[in-house]
$ cat data-v3.cif   # mmCIF, C-alpha atoms
data_final
loop_
_atom_site.label_atom_id
_atom_site.label_comp_id
_atom_site.auth_asym_id
_atom_site.auth_seq_id
_atom_site.Cartn_x
_atom_site.Cartn_y
_atom_site.Cartn_z
CA MET A 1 0.00 0.00 0.00
CA LEU A 2 2.84 2.37 0.84
CA LYS A 3 4.49 1.72 -2.50
CA THR A 4 1.19 2.29 -4.32
CA LEU A 5 0.70 5.66 -2.63
CA MET A 6 4.26 6.77 -3.35
CA THR A 7 3.89 5.78 -6.99
CA SER A 8 0.58 7.61 -7.22
CA CYS A 9 2.14 10.77 -5.88
CA LEU A 10 5.06 10.63 -8.30
CA LEU A 11 2.71 10.07 -11.23
CA LEU A 12 0.56 12.93 -10.01
CA VAL A 13 3.52 15.28 -10.14
CA SER A 14 5.04 14.10 -13.41
CA SER A 15 1.79 14.01 -15.40
CA SER A 16 1.01 17.60 -14.47
CA CYS A 17 4.50 19.03 -15.00
CA PHE A 18 6.31 17.26 -17.78
CA ALA A 19 5.70 17.34 -21.51
CA ASP A 20 4.61 14.34 -23.53
CA PHE A 21 6.70 14.55 -26.68
CA GLU A 22 10.32 13.96 -27.66
CA CYS A 23 12.70 16.59 -28.97
CA ASP A 24 16.34 15.56 -29.30
CA MET A 25 18.23 18.82 -29.31
CA ASP A 26 21.09 20.50 -27.49
CA LEU A 27 23.71 23.25 -27.64
CA GLN A 28 27.41 22.42 -27.84
CA GLN A 29 28.39 25.96 -26.86
CA GLY A 30 26.65 28.77 -25.00
CA ILE A 31 24.69 31.46 -26.83
CA LEU A 32 24.52 35.04 -25.57
CA VAL A 33 22.07 37.36 -27.30
CA ASN A 34 21.43 41.07 -26.97
CA ASP A 35 19.58 43.50 -29.23
CA ASN A 36 22.42 43.92 -31.71
CA GLN A 37 24.72 40.96 -31.26
CA ILE A 38 24.96 37.18 -30.98
CA ARG A 39 27.98 35.65 -29.30
CA ILE A 40 28.85 31.95 -29.33
CA VAL A 41 30.89 31.34 -26.18
CA GLU A 42 32.83 28.53 -24.54
CA ASP A 43 34.48 28.80 -21.12
CA TYR A 44 33.92 32.59 -21.11
CA ARG A 45 35.67 32.87 -24.49
CA THR A 46 33.92 34.18 -27.61
CA LEU A 47 34.34 31.73 -30.49
CA TYR A 48 32.49 33.88 -32.97
CA GLN A 49 29.96 36.68 -33.03
CA ILE A 50 27.37 38.12 -35.36
CA ASN A 51 26.82 41.88 -35.30
CA GLY A 52 23.43 42.88 -36.62
CA ASP A 53 22.58 40.36 -39.29
CA ASN A 54 25.44 40.87 -41.75
CA GLN A 55 28.75 41.05 -39.89
CA LEU A 56 30.54 37.84 -38.92
CA ILE A 57 33.63 37.85 -36.73
CA VAL A 58 35.30 34.48 -36.13
CA GLN A 59 37.98 34.35 -33.43
CA GLY A 60 38.71 38.04 -33.92
CA ASP A 61 38.71 38.04 -37.73
CA TRP A 62 36.01 39.92 -39.65
CA LEU A 63 35.02 37.80 -42.64
CA MET A 64 33.84 39.16 -45.97
CA LEU A 65 30.86 37.13 -47.18
CA ASN A 66 29.22 36.64 -50.55
CA GLU A 67 25.51 37.21 -51.18
CA GLN A 68 24.42 33.65 -50.44
CA GLN A 69 26.43 33.54 -47.22
CA ASN A 70 24.94 36.88 -46.16
CA GLN A 71 21.43 35.52 -46.71
CA LEU A 72 22.14 32.46 -44.60
CA LEU A 73 23.75 34.57 -41.90
CA ALA A 74 20.75 36.90 -41.82
CA GLU A 75 18.31 33.98 -41.49
CA PHE A 76 20.40 32.44 -38.72
CA SER A 77 20.70 35.76 -36.88
CA HIS A 78 16.99 36.56 -37.11
CA GLY A 79 16.08 33.06 -35.92
CA ILE A 80 18.40 33.18 -32.91
CA HIS A 81 17.21 36.66 -31.90
CA TYR A 82 13.62 35.49 -32.12
CA ALA A 83 13.94 32.06 -30.47
CA MET A 84 16.47 32.49 -27.67
CA PRO A 85 14.53 34.96 -25.48
CA LYS A 86 11.44 32.79 -25.80
CA MET A 87 13.38 29.70 -24.77
CA VAL A 88 14.74 31.38 -21.63
CA LEU A 89 11.22 32.41 -20.62
CA LEU A 90 9.88 28.97 -21.55
CA ALA A 91 12.41 27.18 -19.36
CA THR A 92 11.76 29.53 -16.44
CA GLU A 93 8.00 29.06 -16.70
CA GLY A 94 8.40 25.31 -17.03
CA VAL A 95 10.44 24.86 -13.88
CA ASP A 96 8.11 27.19 -11.97
CA ILE A 97 5.13 25.01 -12.92
CA ALA A 98 7.00 21.85 -11.95
CA ILE A 99 8.15 23.20 -8.60
CA SER A 100 4.81 24.75 -7.65
CA THR A 101 3.03 21.50 -8.48
CA VAL A 102 5.43 19.43 -6.38
CA GLU A 103 5.04 21.83 -3.46
CA ASN A 104 1.26 21.83 -3.70
CA VAL A 105 1.17 18.04 -3.64
CA TYR A 106 3.47 17.86 -0.67
CA LEU A 107 1.84 20.64 1.32
CA GLY A 108 -1.52 19.03 0.70
CA LEU A 109 -0.22 15.86 2.28
CA VAL A 110 1.72 17.09 5.30
CA GLY A 111 1.67 20.89 5.59
CA GLU A 112 4.67 23.22 5.72
CA ASP A 113 5.37 22.59 9.41
CA HIS A 114 6.40 18.98 8.83
CA THR A 115 10.18 18.58 9.21
CA SER A 116 10.54 16.69 5.92
CA TYR A 117 9.09 19.63 3.97
CA LYS A 118 12.33 21.53 4.58
CA ARG A 119 14.28 18.76 2.85
CA LEU A 120 12.01 18.81 -0.17
CA SER A 121 11.96 22.62 -0.28
CA SER A 122 15.76 22.70 -0.23
CA ALA A 123 15.95 20.26 -3.16
CA LEU A 124 13.49 22.33 -5.17
CA LYS A 125 15.49 25.50 -4.53
CA ARG A 126 18.62 23.74 -5.82
CA VAL A 127 16.74 22.80 -8.97
CA LYS A 128 15.65 26.40 -9.51
CA ARG A 129 19.21 27.67 -9.00
CA LYS A 130 20.53 25.18 -11.57
CA VAL A 131 17.97 26.33 -14.11
CA GLY A 132 18.83 29.94 -13.31
CA LYS A 133 22.49 29.29 -14.14
CA LYS A 134 21.65 27.68 -17.47
CA PHE A 135 19.01 30.17 -18.60
CA ILE A 136 19.89 33.77 -17.77
CA HIS A 137 17.90 36.91 -18.49
CA THR A 138 19.13 40.39 -17.55
CA GLU A 139 18.14 43.82 -18.78
CA ASP A 140 20.88 43.65 -21.41
CA TYR A 141 21.01 40.07 -22.67
CA TYR A 142 19.69 36.50 -22.75
CA TYR A 143 22.04 33.57 -22.25
CA ILE A 144 21.58 29.81 -22.68
CA GLY A 145 24.46 27.61 -21.59
CA PRO A 146 25.83 24.51 -23.31
CA ARG A 147 23.99 21.25 -22.63
CA SER A 148 20.98 23.25 -21.44
CA LEU A 149 18.49 21.99 -24.02
CA GLU A 150 19.01 18.29 -23.52
CA ASN A 151 15.57 16.79 -22.87
CA VAL A 152 13.97 20.14 -23.61
CA ASP A 153 10.72 18.20 -23.87
CA LEU A 154 10.91 17.77 -20.09
CA LEU A 155 12.07 21.34 -19.41
CA VAL A 156 13.99 19.91 -16.49
CA ASP A 157 17.09 17.94 -17.36
CA ALA A 158 17.60 14.35 -16.21
CA LYS A 159 19.72 15.21 -13.16
CA MET A 160 17.20 17.80 -11.96
CA GLU A 161 14.28 15.44 -12.46
CA GLU A 162 16.16 12.74 -10.55
CA GLU A 163 16.85 15.15 -7.70
CA ILE A 164 13.18 16.09 -7.42
CA GLU A 165 12.07 12.47 -7.50
CA HIS A 166 14.66 11.46 -4.91
CA ALA A 167 13.49 14.21 -2.56
CA ILE A 168 9.87 13.14 -2.98
CA LYS A 169 10.63 9.45 -2.51
CA THR A 170 12.70 9.92 0.63
CA SER A 171 10.40 12.50 2.19
CA ILE A 172 7.03 10.98 1.36
CA GLY A 173 8.32 7.48 2.02
CA GLY A 174 9.15 8.49 5.57
CA ILE A 175 5.82 10.21 6.03
CA LEU A 176 3.77 7.30 4.76
CA SER A 177 5.73 4.91 6.94
CA ALA A 178 5.01 7.14 9.92
CA ILE A 179 1.34 7.29 9.04
CA ALA A 180 1.22 3.51 8.86
CA GLY A 181 2.91 3.38 12.22
CA LEU A 182 5.41 0.87 10.85
CA THR A 183 2.90 -1.79 11.78
CA SER A 184 2.70 -5.15 10.12
CA ASP A 185 -0.62 -6.36 11.45
CA GLY A 186 -2.69 -4.25 9.06
CA ASP A 187 -5.14 -3.12 11.78
CA ALA A 188 -8.36 -1.40 10.76
CA GLN A 189 -7.27 2.05 11.97
CA THR A 190 -4.08 1.98 9.91
CA GLN A 191 -5.93 0.79 6.84
CA GLN A 192 -8.45 3.60 7.23
CA ARG A 193 -5.63 6.16 7.42
CA MET A 194 -4.13 4.80 4.23
CA ASP A 195 -7.48 4.78 2.44
CA ASN A 196 -8.09 8.38 3.48
CA LEU A 197 -4.65 9.41 2.23
CA SER A 198 -5.24 7.66 -1.08
CA LEU A 199 -8.52 9.52 -1.48
CA ARG A 200 -6.76 12.83 -0.74
CA LEU A 201 -4.23 12.07 -3.46
CA GLU A 202 -6.98 11.43 -5.99
CA THR A 203 -8.78 14.64 -5.06
CA MET A 204 -5.53 16.56 -5.18
CA GLY A 205 -4.75 15.15 -8.61
CA ALA A 206 -8.04 16.42 -10.00
CA GLU A 207 -7.49 19.86 -8.49
CA ILE A 208 -3.91 20.14 -9.80
CA GLU A 209 -5.02 19.07 -13.26
CA ARG A 210 -7.71 21.75 -13.16
CA GLN A 211 -5.27 24.47 -12.09
CA VAL A 212 -2.07 23.39 -13.85
CA GLY A 213 -3.41 21.48 -16.85
CA PRO A 214 -4.11 24.51 -19.11
CA ARG A 215 -0.74 26.10 -18.30
CA ALA A 216 1.06 22.81 -18.90
CA GLN A 217 -0.67 22.33 -22.25
CA THR A 218 0.25 25.85 -23.34
CA LEU A 219 3.82 25.14 -22.29
CA ARG A 220 3.89 21.91 -24.31
CA ASN A 221 2.65 23.78 -27.39
CA LYS A 222 5.37 26.40 -26.96
CA ALA A 223 8.01 23.71 -26.52
CA LYS A 224 6.88 21.94 -29.71
CA TRP A 225 7.10 25.23 -31.62
CA PHE A 226 10.56 25.89 -30.22
CA CYS A 227 11.75 22.40 -31.14
CA GLY A 228 10.69 22.90 -34.76
CA LYS A 229 12.33 26.33 -34.86
CA MET A 230 15.63 25.02 -33.54
CA LYS A 231 15.69 22.16 -36.03
CA ARG A 232 15.31 24.70 -38.83
CA LEU A 233 18.12 26.81 -37.34
CA ASP A 234 20.28 23.68 -37.15
CA ASP A 235 19.79 23.23 -40.91
CA VAL A 236 20.74 26.85 -41.57
CA GLU A 237 23.79 26.56 -39.32
CA ASN A 238 24.96 23.45 -41.16
CA GLN A 239 24.66 25.29 -44.48
CA LEU A 240 26.74 28.14 -43.06
CA ARG A 241 29.40 25.72 -41.82
CA LYS A 242 29.63 24.09 -45.23
CA SER A 243 29.88 27.45 -46.95
CA ILE A 244 32.27 29.17 -44.51
CA PRO A 245 35.33 27.07 -43.59
CA GLN A 246 36.11 29.18 -40.52
CA LEU A 247 32.80 28.06 -38.97
CA GLN A 248 33.35 24.36 -39.60
CA PRO A 249 34.81 23.61 -36.14
CA PHE A 250 31.78 25.10 -34.37
CA ASP A 251 28.61 22.98 -34.43
CA VAL A 252 26.52 24.92 -31.94
CA ILE A 253 23.04 23.45 -32.46
CA VAL A 254 22.74 19.68 -32.61
CA THR A 255 19.50 17.79 -33.19
CA GLY A 256 18.33 14.22 -33.70
CA HIS A 257 20.99 11.53 -33.87
CA GLN A 258 23.74 14.12 -33.39
CA VAL A 259 22.81 14.60 -29.72
CA ASN A 260 25.07 12.55 -27.47
#

$ encode --input "data-v3.cif" --output "structure tokens"
Amino acid sequence: MLKTLMTSCLLLVSSSCFADFECDMDLQQGILVNDNQIRIVEDYRTLYQINGDNQLIVQGDWLMLNEQQNQLLAEFSHGIHYAMPKMVLLATEGVDIAISTVENVYLGLVGEDHTSYKRLSSALKRVKRKVGKKFIHTEDYYYIGPRSLENVDLLVDAKMEEEIEHAIKTSIGGILSAIAGLTSDGDAQTQQRMDNLSLRLETMGAEIERQVGPRAQTLRNKAKWFCGKMKRLDDVENQLRKSIPQLQPFDVIVTGHQVN
């Protein structure tokens, strides 16, 4: 019974927070975008930058481009300027939905005064800090770090998702064991407590779906749009790399089978 309740709670969280499609995509280097410039960076070093939509500087050298190269560069620049800010906001909104849903589930079970809530709250804060380091928005620029878009369909990368699940399992596992009184005789009072808790989980699931469901669906739609946009930008980038030898070493956007 304990295992069933723990599984139910995990499913309740994941079904409300995480997207239901696959999008294999990632960044090999970081991308920093402001109103007039795109910088591709690695270890705080600029590999190349695009000023406006027609000036390309690779490792300090300003390259003269032909008409076709200029057209590709302009398409790539416009696409990055359009997509990157939306991705930063998308990731921030996604993790906020995930964290608020987890907290609502947990608070509905035990309340904020329970000692184990502090452990879960601390784990969720660590998740938010990690996302904040990967997706940065200031008044002057947007930044997405390398390896930030892996599992973009989940909006929370595998390590973060694992950390959340571990916190839930350890915290709720202890609570449910306490509720059951660690008894093995299955007395009627214990069984009634477990039945009541199961009913609360079901009710909570319906309420979370009502509150979070529309936001989560909107988020999934945005993520699908972004995935398609980035795949198109990957195609444009590959054309640029074929046309401009100086860009060949830098494969910033990787999609599909290219993602490691």

$ atom_distance --input "data-v3.cif" --atom1 "CA of Tyr82 in chain A" --atom2 "CA of Phe226 in chain A"
10.3 Å

$ residues_near_point --input "data-v3.cif" --point "(12.5, 20.9, -31.1)" --cutoff "8 Å" --atoms "all atoms listed in the file" --output "list in words"
Cys23, Asp24, Met25, Val152, Asp153, Ala223, Lys224, Trp225, Phe226, Cys227, Gly228, Lys229, Met230, Lys231 and Thr255 of chain A

$ resolve_selection --input "data-v3.cif" --expression "the PyMOL selection byres ((chain A and resi 36) around 10)" --output "PyMOL selection string"
chain A and resi 33-35+37-38+50-53+77+81+141

$ resolve_selection --input "data-v3.cif" --expression "the PyMOL selection byres ((chain A and resi 90) around 10)" --output "compact mmCIF listing (two decimals) with C-alpha atoms, in the coordinates of the input"
# COMPACT_ATOMS: atom_id res chain seq x y z
CA MET A 84 16.47 32.49 -27.67
CA PRO A 85 14.53 34.96 -25.48
CA LYS A 86 11.44 32.79 -25.80
CA MET A 87 13.38 29.70 -24.77
CA VAL A 88 14.74 31.38 -21.63
CA LEU A 89 11.22 32.41 -20.62
CA ALA A 91 12.41 27.18 -19.36
CA THR A 92 11.76 29.53 -16.44
CA GLU A 93 8.00 29.06 -16.70
CA GLY A 94 8.40 25.31 -17.03
CA VAL A 95 10.44 24.86 -13.88
CA ASP A 96 8.11 27.19 -11.97
CA PHE A 135 19.01 30.17 -18.60
CA VAL A 152 13.97 20.14 -23.61
CA LEU A 155 12.07 21.34 -19.41
CA LEU A 219 3.82 25.14 -22.29
CA ARG A 220 3.89 21.91 -24.31
CA LYS A 222 5.37 26.40 -26.96
CA ALA A 223 8.01 23.71 -26.52
CA PHE A 226 10.56 25.89 -30.22

$ atom_distance --input "data-v3.cif" --atom1 "CA of Gly30 in chain A" --atom2 "CA of Ile144 in chain A"
5.7 Å

$ closest_residue --input "data-v3.cif" --among "A:Glu75, A:Leu120, A:Glu103, A:Tyr143" --to "Tyr44 in chain A" --atoms "all atoms listed in the file"
A:Tyr143

$ atom_distance --input "data-v3.cif" --atom1 "CA of Leu47 in chain A" --atom2 "CA of Leu247 in chain A"
9.4 Å

$ resolve_selection --input "data-v3.cif" --expression "the PyMOL selection byres ((chain A and resi 42) around 9)" --output "tab-separated table (two decimals) with C-alpha atoms, keeping the file's coordinate frame"
chain	number	residue	atom	x	y	z
A	28	GLN	CA	27.41	22.42	-27.84
A	29	GLN	CA	28.39	25.96	-26.86
A	30	GLY	CA	26.65	28.77	-25.00
A	31	ILE	CA	24.69	31.46	-26.83
A	40	ILE	CA	28.85	31.95	-29.33
A	41	VAL	CA	30.89	31.34	-26.18
A	43	ASP	CA	34.48	28.80	-21.12
A	44	TYR	CA	33.92	32.59	-21.11
A	45	ARG	CA	35.67	32.87	-24.49
A	46	THR	CA	33.92	34.18	-27.61
A	47	LEU	CA	34.34	31.73	-30.49
A	145	GLY	CA	24.46	27.61	-21.59
A	146	PRO	CA	25.83	24.51	-23.31

$ residues_near_point --input "data-v3.cif" --point "(18.2, 26.1, -12.7)" --cutoff "10 Å" --atoms "all atoms listed in the file" --output "VMD selection string"
chain A and resid 91 to 92 95 124 to 136 148 156 to 157 160
